[in-house]
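Colleague: Before I ask anything, let me first share the structure, which is written out below as structure tokens.
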Amino acid sequence: NNSNNNNNNNSNRDNNTTLVNLIQDRCPSYHALVQFQRGEMRLMVFCHERMADAFAVHTVKAENTGIGGVMANKGGILGQLVLKSNGMRLSFVSAHLEAHEGKSHYQARCDDLLEILEGTKTTKYHDASIDSHYMFV
């Protein structure tokens, strides 16, 4: 079973490398600042080469909201960058939430987003929606 996980991790890493190479081949002036994958969820943040050195990666975290809060079939990934010149924080969230229409599914998506923000807190007391100057979901 561990060998399957290792094979999946290697396959995911290969898929990420292939995707980053594809993007950088077509847009050579852009560089990946954040690359993270958990299960089938992925977050990649690219920046133009003129600005790449202006940012520092502050944090990259993930939260599972799938079966029992363990399975990575649902959940989200947060990447937070800091502009070195003035400390401005930019956060990016990628999420795979429950599908379907209706009030109960909508409420489940809202609850899962709250769980993602809580599970990826950027400080001891605050999640990225409070801690960031700008947040992209």
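In the structure tokens, chains take the letters A, B, ... in the order shown, each chain's residues start at 1, and ligands count up from 1 in the order shown.
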Show me, as a ChimeraX atom specification, the residues that have an atom within 12 Å of A:Met51 when counting only C-alpha atoms, minus same-chain residues fewer than 6 positions from it.

Modeller: /A:29-33,82-85

Colleague: Filtering to N, CA and C atoms, could you give me those residues as an mmCIF file, in the first residue's frame?

Modeller:
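Just written: again_15.cif:
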data_model
loop_
_atom_site.group_PDB
_atom_site.id
_atom_site.type_symbol
_atom_site.label_atom_id
_atom_site.label_comp_id
_atom_site.auth_asym_id
_atom_site.auth_seq_id
_atom_site.Cartn_x
_atom_site.Cartn_y
_atom_site.Cartn_z
ATOM 1 N N SER A 29 8.291 34.109 -19.609
ATOM 2 C CA SER A 29 8.602 35.198 -18.673
ATOM 3 C C SER A 29 7.875 35.050 -17.337
ATOM 4 N N TYR A 30 7.152 33.934 -17.156
ATOM 5 C CA TYR A 30 6.457 33.685 -15.893
ATOM 6 C C TYR A 30 7.117 32.539 -15.139
ATOM 7 N N HIS A 31 7.200 32.700 -13.823
ATOM 8 C CA HIS A 31 7.827 31.703 -12.966
ATOM 9 C C HIS A 31 6.841 31.242 -11.903
ATOM 10 N N ALA A 32 6.901 29.966 -11.562
ATOM 11 C CA ALA A 32 6.037 29.416 -10.518
ATOM 12 C C ALA A 32 6.589 29.801 -9.155
ATOM 13 N N LEU A 33 5.784 30.519 -8.377
ATOM 14 C CA LEU A 33 6.159 30.864 -7.009
ATOM 15 C C LEU A 33 5.640 29.818 -6.027
ATOM 16 N N VAL A 82 4.236 37.284 0.371
ATOM 17 C CA VAL A 82 4.461 38.580 0.997
ATOM 18 C C VAL A 82 5.306 39.419 0.057
ATOM 19 N N LEU A 83 4.834 40.640 -0.209
ATOM 20 C CA LEU A 83 5.610 41.586 -0.998
ATOM 21 C C LEU A 83 6.717 42.117 -0.090
ATOM 22 N N LYS A 84 7.964 41.843 -0.465
ATOM 23 C CA LYS A 84 9.104 42.150 0.406
ATOM 24 C C LYS A 84 9.233 43.641 0.720
ATOM 25 N N SER A 85 8.865 44.497 -0.200
ATOM 26 C CA SER A 85 9.084 45.934 -0.011
ATOM 27 C C SER A 85 8.209 46.557 1.067
#

Colleague: Excluding A:Glu63 and residues on its chain fewer than 4 positions from it, collect all residues at most 12 Å away from it, counting only C-alpha atoms, and give them as a PyMOL selection string.

Modeller: chain A and resi 37-39+41+68-79+93-97+112-121

Colleague: Which residue out of A:Ala108, A:Leu90, A:Ala62, A:Ala99 has the minimum interatomic distance to A:Ser129 when only C-alpha atoms are used?

Modeller: A:Leu90

Colleague: Where in stretch 7-126 of chain A does DSSP assign alpha helix (DSSP H), given as a VMD selection string?

Modeller: chain A and resid 7 to 26 49 to 52 103 to 119

Colleague: Compare A:Met88, A:Ile130, A:Val34, A:Ile23 by their minimum atom-to-atom distance to A:Lys61, counting only C-alpha atoms, and give me the closest one.

Modeller: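 The shortest atom-to-atom distance to A:Lys61 comes from A:Val34.
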